[in-house]
$ cat input_28.csv   # CSV, C-alpha atoms and all ligand atoms
chain,number,residue,atom,x,y,z
A,1081,MET,CA,306.3,-147.3,5.9
A,1082,SER,CA,305.8,-148.5,9.5
A,1083,ASN,CA,305.5,-145.5,11.9
A,1084,ALA,CA,308.0,-147.3,14.2
A,1085,ASN,CA,310.6,-146.1,11.7
A,1086,ILE,CA,309.7,-142.4,12.0
A,1087,LEU,CA,310.1,-142.1,15.7
A,1088,PRO,CA,313.1,-140.3,17.1
A,1089,LYS,CA,315.8,-142.6,18.2
A,1090,GLU,CA,315.6,-141.9,22.0
A,1091,ALA,CA,311.8,-142.4,22.1
A,1092,ALA,CA,311.9,-145.6,20.1
A,1093,GLY,CA,314.7,-146.9,22.4
A,1094,GLN,CA,312.9,-146.1,25.6
A,1095,HIS,CA,309.2,-146.6,25.1
A,1096,ILE,CA,308.2,-148.4,21.9
A,1097,PRO,CA,304.6,-147.4,21.1
A,1098,VAL,CA,302.3,-150.5,20.8
A,1099,LEU,CA,300.1,-151.1,17.8
A,1100,LEU,CA,301.2,-147.7,16.4
A,1101,ASP,CA,300.3,-148.2,12.8
A,1102,GLU,CA,296.9,-149.7,13.8
A,1103,VAL,CA,296.2,-146.7,16.1
A,1104,VAL,CA,297.0,-144.2,13.3
A,1105,ASP,CA,294.8,-146.2,10.8
A,1106,ALA,CA,292.0,-146.2,13.3
A,1107,MET,CA,292.2,-142.5,14.1
A,1108,ALA,CA,292.4,-141.7,10.3
A,1109,PRO,CA,293.7,-138.2,10.9
A,1110,ARG,CA,292.6,-135.4,8.6
A,1111,ASP,CA,293.8,-131.9,8.0
A,1112,GLY,CA,292.2,-129.2,10.3
A,1113,GLU,CA,290.8,-131.7,12.9
A,1114,VAL,CA,291.6,-131.9,16.6
A,1115,TYR,CA,292.6,-135.2,18.3
A,1116,VAL,CA,293.1,-136.0,22.0
A,1117,ASP,CA,295.9,-138.3,23.2
A,1118,GLY,CA,294.7,-139.0,26.7
A,1119,THR,CA,297.9,-140.9,27.6
A,1120,PHE,CA,300.8,-138.9,26.2
A,1121,GLY,CA,303.6,-141.0,27.7
A,1122,ALA,CA,306.6,-140.7,25.4
A,1123,GLY,CA,304.4,-139.0,22.7
A,1124,GLY,CA,304.6,-141.9,20.2
A,1125,TYR,CA,301.0,-141.8,19.2
A,1126,THR,CA,300.9,-137.9,19.3
A,1127,ARG,CA,303.9,-137.6,17.0
A,1128,ALA,CA,302.6,-140.2,14.5
A,1129,VAL,CA,299.2,-138.5,14.3
A,1130,LEU,CA,300.8,-135.0,13.9
A,1131,GLN,CA,303.0,-136.4,11.1
A,1132,SER,CA,300.0,-138.0,9.3
A,1133,ALA,CA,297.9,-134.9,8.7
A,1134,ASP,CA,298.0,-131.1,9.2
A,1135,CYS,CA,295.9,-131.6,12.4
A,1136,ARG,CA,296.2,-130.6,16.1
A,1137,VAL,CA,296.7,-132.9,19.1
A,1138,VAL,CA,295.7,-132.0,22.6
A,1139,ALA,CA,297.5,-134.5,24.9
A,1140,ILE,CA,296.9,-135.3,28.5
A,1141,ASP,CA,299.1,-137.0,31.1
A,1142,ARG,CA,299.0,-137.1,34.9
A,1143,ASP,CA,302.8,-137.7,35.1
A,1144,PRO,CA,304.9,-134.6,35.6
A,1145,ASP,CA,307.9,-136.4,33.9
A,1146,ALA,CA,305.7,-137.0,30.8
A,1147,ILE,CA,304.7,-133.3,30.7
A,1148,LYS,CA,308.4,-132.3,30.8
A,1149,ARG,CA,309.2,-134.7,28.0
A,1150,SER,CA,306.6,-133.1,25.8
A,1151,GLU,CA,308.7,-129.9,25.4
A,1152,ALA,CA,310.4,-131.5,22.4
A,1153,LEU,CA,307.1,-131.8,20.6
A,1154,LYS,CA,306.2,-128.2,21.3
A,1155,ASP,CA,309.4,-127.2,19.6
A,1156,GLU,CA,308.8,-129.4,16.7
A,1157,PHE,CA,305.0,-128.9,16.1
A,1158,GLY,CA,304.4,-125.4,17.5
A,1159,ASP,CA,300.8,-124.6,18.3
A,1160,ARG,CA,299.6,-127.8,16.6
A,1161,PHE,CA,300.5,-129.5,19.8
A,1162,GLN,CA,299.3,-128.7,23.3
A,1163,ILE,CA,299.5,-130.7,26.6
A,1164,LEU,CA,297.3,-130.7,29.6
A,1165,ASP,CA,298.5,-131.8,33.0
A,1166,GLY,CA,295.7,-134.0,34.5
A,1167,CYS,CA,293.8,-137.2,34.3
A,1168,PHE,CA,292.0,-138.3,31.1
A,1169,GLY,CA,289.1,-139.4,33.3
A,1170,ASP,CA,288.5,-135.6,33.6
A,1171,MET,CA,288.7,-134.9,29.9
A,1172,ALA,CA,285.0,-133.8,29.7
A,1173,SER,CA,285.9,-130.8,31.9
A,1174,LEU,CA,289.7,-130.4,31.1
A,1175,LEU,CA,289.2,-130.0,27.4
A,1176,PRO,CA,286.4,-127.4,27.4
A,1177,GLU,CA,288.4,-125.5,30.0
A,1178,ALA,CA,291.3,-125.4,27.5
A,1179,GLY,CA,289.0,-124.2,24.8
A,1180,PHE,CA,288.1,-127.5,23.1
A,1181,ASN,CA,284.4,-128.2,23.3
A,1182,VAL,CA,284.3,-130.8,20.5
A,1183,VAL,CA,287.1,-133.0,19.2
A,1184,HIS,CA,287.4,-135.5,16.3
A,1185,GLY,CA,289.2,-138.4,17.9
A,1186,VAL,CA,290.3,-139.7,21.3
A,1187,MET,CA,293.0,-142.3,21.8
A,1188,LEU,CA,293.9,-144.0,25.0
A,1189,ASP,CA,296.9,-146.3,25.6
A,1190,ILE,CA,296.1,-147.7,29.0
A,1191,GLY,CA,298.8,-148.5,31.6
A,1192,VAL,CA,302.3,-147.4,32.4
A,1193,SER,CA,305.1,-146.3,30.1
A,1194,SER,CA,308.4,-148.0,29.9
A,1195,PHE,CA,309.9,-144.8,31.4
A,1196,GLN,CA,307.8,-145.3,34.5
A,1197,LEU,CA,308.5,-149.1,34.7
A,1198,ASP,CA,312.2,-148.8,34.1
A,1199,GLU,CA,312.9,-146.1,36.6
A,1200,ALA,CA,313.4,-147.8,39.9
A,1201,GLU,CA,312.7,-144.6,41.8
A,1202,ARG,CA,309.1,-144.6,40.6
A,1203,GLY,CA,308.5,-147.9,42.4
A,1204,PHE,CA,306.5,-149.8,39.8
A,1205,SER,CA,308.9,-152.7,39.3
A,1206,PHE,CA,309.9,-155.6,41.4
A,1207,MET,CA,312.9,-156.2,39.1
A,1208,ALA,CA,314.7,-153.1,40.3
A,1209,ASP,CA,314.7,-152.0,43.9
A,1210,GLY,CA,313.0,-148.7,44.6
A,1211,PRO,CA,310.7,-146.9,47.0
A,1212,LEU,CA,307.2,-148.7,47.1
A,1213,ASP,CA,305.5,-145.8,45.3
A,1214,MET,CA,303.7,-146.5,42.0
A,1215,ARG,CA,301.9,-143.1,41.8
A,1216,MET,CA,301.8,-142.0,38.1
A,1217,GLY,CA,300.8,-138.5,39.2
A,1218,ARG,CA,303.2,-138.4,42.2
A,1219,ALA,CA,300.4,-137.3,44.5
A,1220,GLY,CA,298.0,-139.1,46.8
A,1221,GLU,CA,298.3,-142.5,48.5
A,1222,SER,CA,301.4,-144.5,47.6
A,1223,ALA,CA,301.6,-148.3,47.3
A,1224,ALA,CA,303.5,-148.2,50.7
A,1225,ASP,CA,300.6,-146.3,52.3
A,1226,VAL,CA,298.2,-149.0,51.1
A,1227,VAL,CA,300.4,-151.9,52.1
A,1228,ASN,CA,301.2,-150.5,55.5
A,1229,THR,CA,297.8,-149.2,56.6
A,1230,TYR,CA,294.9,-151.2,54.9
A,1231,GLY,CA,293.2,-154.0,56.8
A,1232,GLU,CA,293.9,-157.6,55.8
A,1233,GLU,CA,290.6,-158.2,54.1
A,1234,GLU,CA,290.7,-155.0,52.1
A,1235,LEU,CA,294.2,-155.9,50.9
A,1236,ALA,CA,293.1,-159.4,50.0
A,1237,ASP,CA,290.2,-158.0,48.0
A,1238,ILE,CA,292.4,-155.6,46.1
A,1239,ILE,CA,295.0,-158.3,45.3
A,1240,TYR,CA,292.2,-160.7,44.2
A,1241,ASN,CA,290.1,-158.2,42.2
A,1242,TYR,CA,292.8,-156.2,40.5
A,1243,GLY,CA,295.6,-158.8,40.3
A,1244,GLU,CA,293.5,-161.9,39.8
A,1245,GLU,CA,295.8,-163.6,42.4
A,1246,ARG,CA,294.1,-166.7,43.6
A,1247,LYS,CA,296.4,-166.8,46.7
A,1248,SER,CA,295.4,-163.2,47.6
A,1249,ARG,CA,294.5,-164.1,51.2
A,1250,ARG,CA,297.8,-165.7,51.9
A,1251,VAL,CA,299.7,-162.7,50.5
A,1252,ALA,CA,297.5,-160.2,52.5
A,1253,ALA,CA,298.0,-162.2,55.7
A,1254,ALA,CA,301.8,-162.3,55.2
A,1255,ILE,CA,301.8,-158.5,54.6
A,1256,VAL,CA,299.9,-157.8,57.8
A,1257,LYS,CA,302.1,-160.1,59.8
A,1258,ASP,CA,305.5,-158.8,58.5
A,1259,ARG,CA,304.6,-155.1,58.6
A,1260,ALA,CA,303.9,-155.4,62.4
A,1261,THR,CA,307.7,-155.7,62.7
A,1262,VAL,CA,309.1,-153.7,59.8
A,1263,PRO,CA,306.9,-151.5,57.5
A,1264,PHE,CA,307.2,-152.1,53.8
A,1265,GLU,CA,309.2,-149.3,52.1
A,1266,ARG,CA,310.9,-150.9,49.1
A,1267,THR,CA,309.7,-152.8,46.1
A,1268,LYS,CA,312.2,-155.6,46.5
A,1269,GLN,CA,311.3,-156.0,50.2
A,1270,LEU,CA,307.7,-156.7,49.1
A,1271,ALA,CA,308.6,-158.9,46.1
A,1272,ASP,CA,311.0,-161.0,48.1
A,1273,MET,CA,308.4,-161.5,50.8
A,1274,ILE,CA,305.8,-162.6,48.3
A,1275,GLU,CA,308.3,-165.0,46.7
A,1276,ARG,CA,309.1,-166.5,50.1
A,1277,VAL,CA,305.4,-167.0,50.8
A,1278,LEU,CA,304.2,-168.2,47.4
A,1279,GLY,CA,307.3,-169.8,46.1
A,1280,ARG,CA,308.2,-170.1,42.4
A,1281,PRO,CA,305.6,-172.3,40.5
A,1282,PRO,CA,307.2,-175.2,38.7
A,1283,MET,CA,307.6,-174.3,35.0
A,1284,LYS,CA,306.4,-176.4,32.1
A,1285,LYS,CA,308.6,-176.5,29.0
A,1286,GLY,CA,308.2,-173.4,26.8
A,1287,GLN,CA,306.5,-171.4,29.5
A,1288,ARG,CA,307.7,-167.9,30.4
A,1289,ALA,CA,308.9,-167.3,33.9
A,1290,VAL,CA,306.4,-165.1,35.8
A,1291,HIS,CA,307.6,-163.7,39.1
A,1292,PRO,CA,305.2,-164.6,41.9
A,1293,ALA,CA,304.8,-160.9,42.8
A,1294,THR,CA,303.6,-159.9,39.3
A,1295,ARG,CA,299.9,-160.1,40.2
A,1296,THR,CA,300.2,-158.3,43.5
A,1297,PHE,CA,302.2,-155.5,42.0
A,1298,GLN,CA,299.6,-155.1,39.2
A,1299,ALA,CA,296.8,-155.0,41.8
A,1300,LEU,CA,298.6,-152.3,43.8
A,1301,ARG,CA,299.3,-150.2,40.8
A,1302,ILE,CA,295.7,-150.4,39.5
A,1303,HIS,CA,294.4,-149.5,43.0
A,1304,VAL,CA,296.9,-146.6,43.7
A,1305,ASN,CA,296.1,-145.0,40.4
A,1306,ASP,CA,292.4,-145.9,40.3
A,1307,GLU,CA,293.1,-147.1,36.8
A,1308,LEU,CA,289.8,-148.8,36.2
A,1309,GLY,CA,287.8,-145.9,37.5
A,1310,GLU,CA,289.8,-143.6,35.3
A,1311,LEU,CA,289.1,-145.8,32.3
A,1312,ARG,CA,285.4,-145.8,32.9
A,1313,ARG,CA,285.3,-142.0,33.3
A,1314,GLY,CA,287.6,-141.6,30.3
A,1315,LEU,CA,285.2,-143.5,28.1
A,1316,GLU,CA,282.3,-141.5,29.2
A,1317,GLY,CA,284.3,-138.3,28.8
A,1318,ALA,CA,285.1,-139.3,25.2
A,1319,GLU,CA,281.4,-139.9,24.6
A,1320,ALA,CA,280.7,-136.4,25.9
A,1321,ILE,CA,283.3,-134.6,23.8
A,1322,LEU,CA,283.5,-136.4,20.5
A,1323,SER,CA,281.9,-134.9,17.4
A,1324,GLU,CA,279.7,-137.0,15.1
A,1325,HIS,CA,282.0,-139.5,13.2
A,1326,GLY,CA,284.6,-138.9,15.9
A,1327,ARG,CA,286.8,-141.9,16.7
A,1328,LEU,CA,287.4,-143.5,20.0
A,1329,VAL,CA,290.5,-145.8,19.9
A,1330,VAL,CA,291.6,-147.7,23.0
A,1331,VAL,CA,294.6,-149.9,23.5
A,1332,SER,CA,294.5,-152.0,26.7
A,1333,PHE,CA,296.8,-154.6,28.1
A,1334,HIS,CA,294.9,-157.0,30.3
A,1335,SER,CA,291.5,-158.5,30.5
A,1336,LEU,CA,290.2,-156.3,33.3
A,1337,GLU,CA,290.7,-153.2,31.2
A,1338,ASP,CA,289.7,-154.8,27.9
A,1339,ARG,CA,286.4,-156.0,29.5
A,1340,ILE,CA,285.5,-152.5,30.5
A,1341,VAL,CA,286.2,-151.1,27.0
A,1342,LYS,CA,284.4,-154.0,25.3
A,1343,ASN,CA,281.3,-153.7,27.5
A,1344,PHE,CA,281.2,-149.9,27.1
A,1345,MET,CA,281.4,-150.2,23.3
A,1346,ALA,CA,278.9,-153.0,23.1
A,1347,GLU,CA,276.5,-151.2,25.4
A,1348,ARG,CA,276.8,-147.8,23.7
A,1349,SER,CA,276.4,-149.3,20.2
A,1350,GLY,CA,273.2,-151.0,21.3
A,1351,GLN,CA,274.7,-154.5,21.1
A,1352,GLN,CA,274.3,-155.2,24.8
A,1353,ALA,CA,271.4,-154.3,27.1
A,1354,GLY,CA,272.6,-151.7,29.5
A,1355,GLY,CA,270.6,-148.5,30.0
A,1356,SER,CA,272.0,-146.0,32.3
A,1357,ARG,CA,271.4,-145.2,35.9
A,1358,HIS,CA,271.5,-141.5,34.7
A,1359,MET,CA,268.7,-142.1,32.3
A,1360,PRO,CA,265.8,-143.9,34.0
A,1361,GLY,CA,263.4,-145.7,31.7
A,1362,PRO,CA,262.6,-149.1,30.3
A,1363,ILE,CA,265.8,-150.9,29.2
A,1364,ASP,CA,264.4,-152.0,25.8
A,1365,ALA,CA,263.5,-148.4,25.0
A,1366,GLY,CA,267.0,-147.3,26.2
A,1367,PRO,CA,268.9,-144.2,24.9
A,1368,ALA,CA,269.9,-144.1,21.2
A,1369,PRO,CA,273.4,-145.7,20.5
A,1370,THR,CA,276.2,-143.1,20.8
A,1371,PHE,CA,278.7,-145.3,19.0
A,1372,LYS,CA,279.0,-147.6,16.0
A,1373,LEU,CA,281.5,-150.4,16.0
A,1374,LYS,CA,283.9,-150.6,13.0
A,1375,ASN,CA,285.8,-153.8,13.6
A,1376,LYS,CA,284.6,-157.2,14.6
A,1377,GLY,CA,286.4,-157.8,17.9
A,1378,ALA,CA,289.7,-156.4,18.9
A,1379,VAL,CA,292.8,-155.8,16.8
A,1380,LYS,CA,295.9,-157.7,18.1
A,1381,PRO,CA,299.6,-157.2,17.4
A,1382,GLY,CA,301.1,-159.4,14.7
A,1383,GLU,CA,304.0,-161.8,15.2
A,1384,GLU,CA,306.5,-159.2,13.9
A,1385,GLU,CA,305.5,-156.6,16.5
A,1386,VAL,CA,305.5,-159.1,19.4
A,1387,GLY,CA,309.0,-160.3,18.3
A,1388,ARG,CA,310.2,-156.7,18.2
A,1389,ASN,CA,308.4,-155.6,21.3
A,1390,PRO,CA,307.3,-158.4,23.7
A,1391,ARG,CA,305.4,-155.8,25.9
A,1392,SER,CA,302.9,-155.7,23.0
A,1393,ARG,CA,302.0,-159.4,23.5
A,1394,SER,CA,298.7,-158.9,25.4
A,1395,SER,CA,297.6,-155.6,23.7
A,1396,ARG,CA,294.2,-155.2,22.2
A,1397,LEU,CA,292.9,-152.2,20.2
A,1398,ARG,CA,289.2,-151.4,20.0
A,1399,LEU,CA,287.6,-148.7,17.8
A,1400,ALA,CA,284.2,-147.1,18.0
A,1401,ILE,CA,282.8,-144.3,15.9
A,1402,ARG,CA,280.6,-141.6,17.5
A,1403,THR,CA,277.0,-141.2,16.2
A,1404,ASN,CA,275.0,-138.0,16.6
A,1405,ALA,CA,273.0,-139.3,19.6
A,1406,PRO,CA,273.2,-137.3,22.8
A,1407,ALA,CA,275.8,-138.7,25.4
A,1408,TRP,CA,274.2,-141.1,27.9
A,1409,VAL,CA,276.0,-139.3,30.7
A,1410,PRO,CA,275.9,-135.6,30.2
A,1411,ALA,CA,279.4,-133.9,30.5
A,1412,ARG,CA,278.3,-132.2,33.7
A,1413,GLU,CA,277.5,-135.5,35.4
A,1414,GLY,CA,280.6,-137.1,34.0
A,1415,ARG,CA,282.8,-134.8,36.1
A,1416,ARG,CA,284.0,-135.8,39.5
B,1,LIG,C1,301.4,-146.7,28.0
B,1,LIG,S1,301.9,-145.0,28.3
B,1,LIG,C2,301.5,-144.2,26.8
B,1,LIG,C3,302.5,-144.3,25.7
B,1,LIG,C4,302.2,-143.5,24.5
B,1,LIG,N1,301.0,-144.0,23.8
B,1,LIG,C5,303.3,-143.4,23.6
B,1,LIG,O1,303.2,-143.8,22.4
B,1,LIG,O2,304.4,-142.9,24.0
B,1,LIG,C6,300.7,-144.4,29.4
B,1,LIG,C7,300.9,-143.0,29.8
B,1,LIG,O3,299.6,-142.5,30.2
B,1,LIG,C8,299.7,-141.9,31.5
B,1,LIG,N2,298.4,-142.2,32.2
B,1,LIG,C9,298.0,-143.3,32.6
B,1,LIG,N3,296.7,-143.2,33.2
B,1,LIG,C10,296.4,-141.9,33.0
B,1,LIG,C11,295.3,-141.1,33.4
B,1,LIG,N4,294.3,-141.7,34.0
B,1,LIG,N5,295.3,-139.8,33.1
B,1,LIG,C12,296.3,-139.2,32.5
B,1,LIG,N6,297.5,-139.9,32.1
B,1,LIG,C13,297.5,-141.2,32.4
B,1,LIG,C14,300.9,-142.5,32.2
B,1,LIG,O4,301.4,-141.5,33.1
B,1,LIG,C15,301.8,-142.8,31.0
B,1,LIG,O5,302.7,-141.7,30.8
$ encode --input "input_28.csv" --output "structure tokens"
Amino acid sequence: MSNANILPKEAAGQHIPVLLDEVVDAMAPRDGEVYVDGTFGAGGYTRAVLQSADCRVVAIDRDPDAIKRSEALKDEFGDRFQILDGCFGDMASLLPEAGFNVVHGVMLDIGVSSFQLDEAERGFSFMADGPLDMRMGRAGESAADVVNTYGEEELADIIYNYGEERKSRRVAAAIVKDRATVPFERTKQLADMIERVLGRPPMKKGQRAVHPATRTFQALRIHVNDELGELRRGLEGAEAILSEHGRLVVVSFHSLEDRIVKNFMAERSGQQAGGSRHMPGPIDAGPAPTFKLKNKGAVKPGEEEVGRNPRSRSSRLRLAIRTNAPAWVPAREGRR
């Protein structure tokens, strides 16, 4: 049976977990073991793992709304489920502080949940007008702070590097010009300005319409939430905390994230020269591999899933299994 069928109605209706069956297969939950869901969201992965074996799940989420939503799982699974309010990039310290020194699996589902995207007030979407916010954890610099205070060159770099927007300089120049008169406060205000400056590209037959603000919004979201830094720290944290044979399962949604996961797994499994700045020494005599790769390449969603949940289209799952070699970055150094 597909796990999609065992989700409660409201969760399935609001955030459809991506590659759910594949994630559970990759985690291979077993009775008595402890798994980490670093991106709790709507709890889709957590619930499916808890239903698959008599195991425990320690979840993490930085979004206070996700923490509130987790109450239902506490009622349902009792002390087999626990949630920590924080960033998965800090798991190497968060988990031991909560009493978990070693775990048997870590799963990460990178990005935002449909709850976050669909709620205009969170400011992630250019489709619905809301405050220009985009902070998953509701703390720190908002997207409006970035857009209204950063220099033109810095804005262009963010939009180019994190949004892969070729016209980043034009967007950054227009932001700086417009904000001198009226600061950017709303998502629609920024999206309309970008559309005015870049126009809508002519569409070829069969192509999907992509709003010209898509790349800039992705870039701001990644920057505001330090998503790539979190991912790097999360991978190192998983390396520090996983037991031998422990499973690291990562689902990512765009090439910037997938490249980080792919390179980390290739390096740590000895398939790519890397070495570590934390472990000086000759590269060819580098540290012993901390992971083995199970699949050749990434697992992608099938046609049925993409038809049922178009958001899954670009998803990629990668799995690596922990060896008994010492972590390349000791947990102490992995902490911020
Ligand atoms: C794509 S959703 C996860 C959905 C989940 N797998 C499910 O099936 O319901 C991502 C979630 O991870 C959280 N998140 C993203 N980055 C995070 C980070 N660095 N630390 C903690 N939580 C994070 C977001 O707040 C969001 O709730």
$ residues_around --input "input_28.csv" --residues "A:Gly1185" --least-positions-apart "4" --cutoff "6 Å" --atoms "only C-alpha atoms" --output "list in words"
Tyr1115, Gly1326, Arg1327 and Leu1328 of chain A
$ closest_residue --input "input_28.csv" --among "A:Glu1113, A:Ala1108, A:Ala1252, A:Asp1225" --to "A:Val1182" --atoms "all atoms listed in the file"
A:Glu1113
$ axis_aligned_box --input "input_28.csv" --around "stretch 1308-1311 of chain A" --padding-each-side "6 Å" --output "JSON"
{"center_x": 288.8, "center_y": -146.2, "center_z": 34.9, "size_x": 14.0, "size_y": 17.2, "size_z": 17.2}
$ closest_residue --input "input_28.csv" --among "A:Pro1390, A:Gly1123, A:Gly1203, A:Gly1377" --to "A:Arg1266" --atoms "only C-alpha atoms"
A:Gly1203
$ residues_near_ligand --input "input_28.csv" --ligand "ligand LIG 1 (chain B)" --cutoff "7 Å" --atoms "only C-alpha atoms and all ligand atoms" --output "PyMOL selection string"
chain A and resi 1095-1098+1118-1125+1140-1143+1146+1166-1169+1189-1193+1216-1217+1307+1310-1311
$ atom_distance --input "input_28.csv" --atom1 "atom CA of A:Phe1157" --atom2 "atom CA of A:Pro1144"
20.3 Å
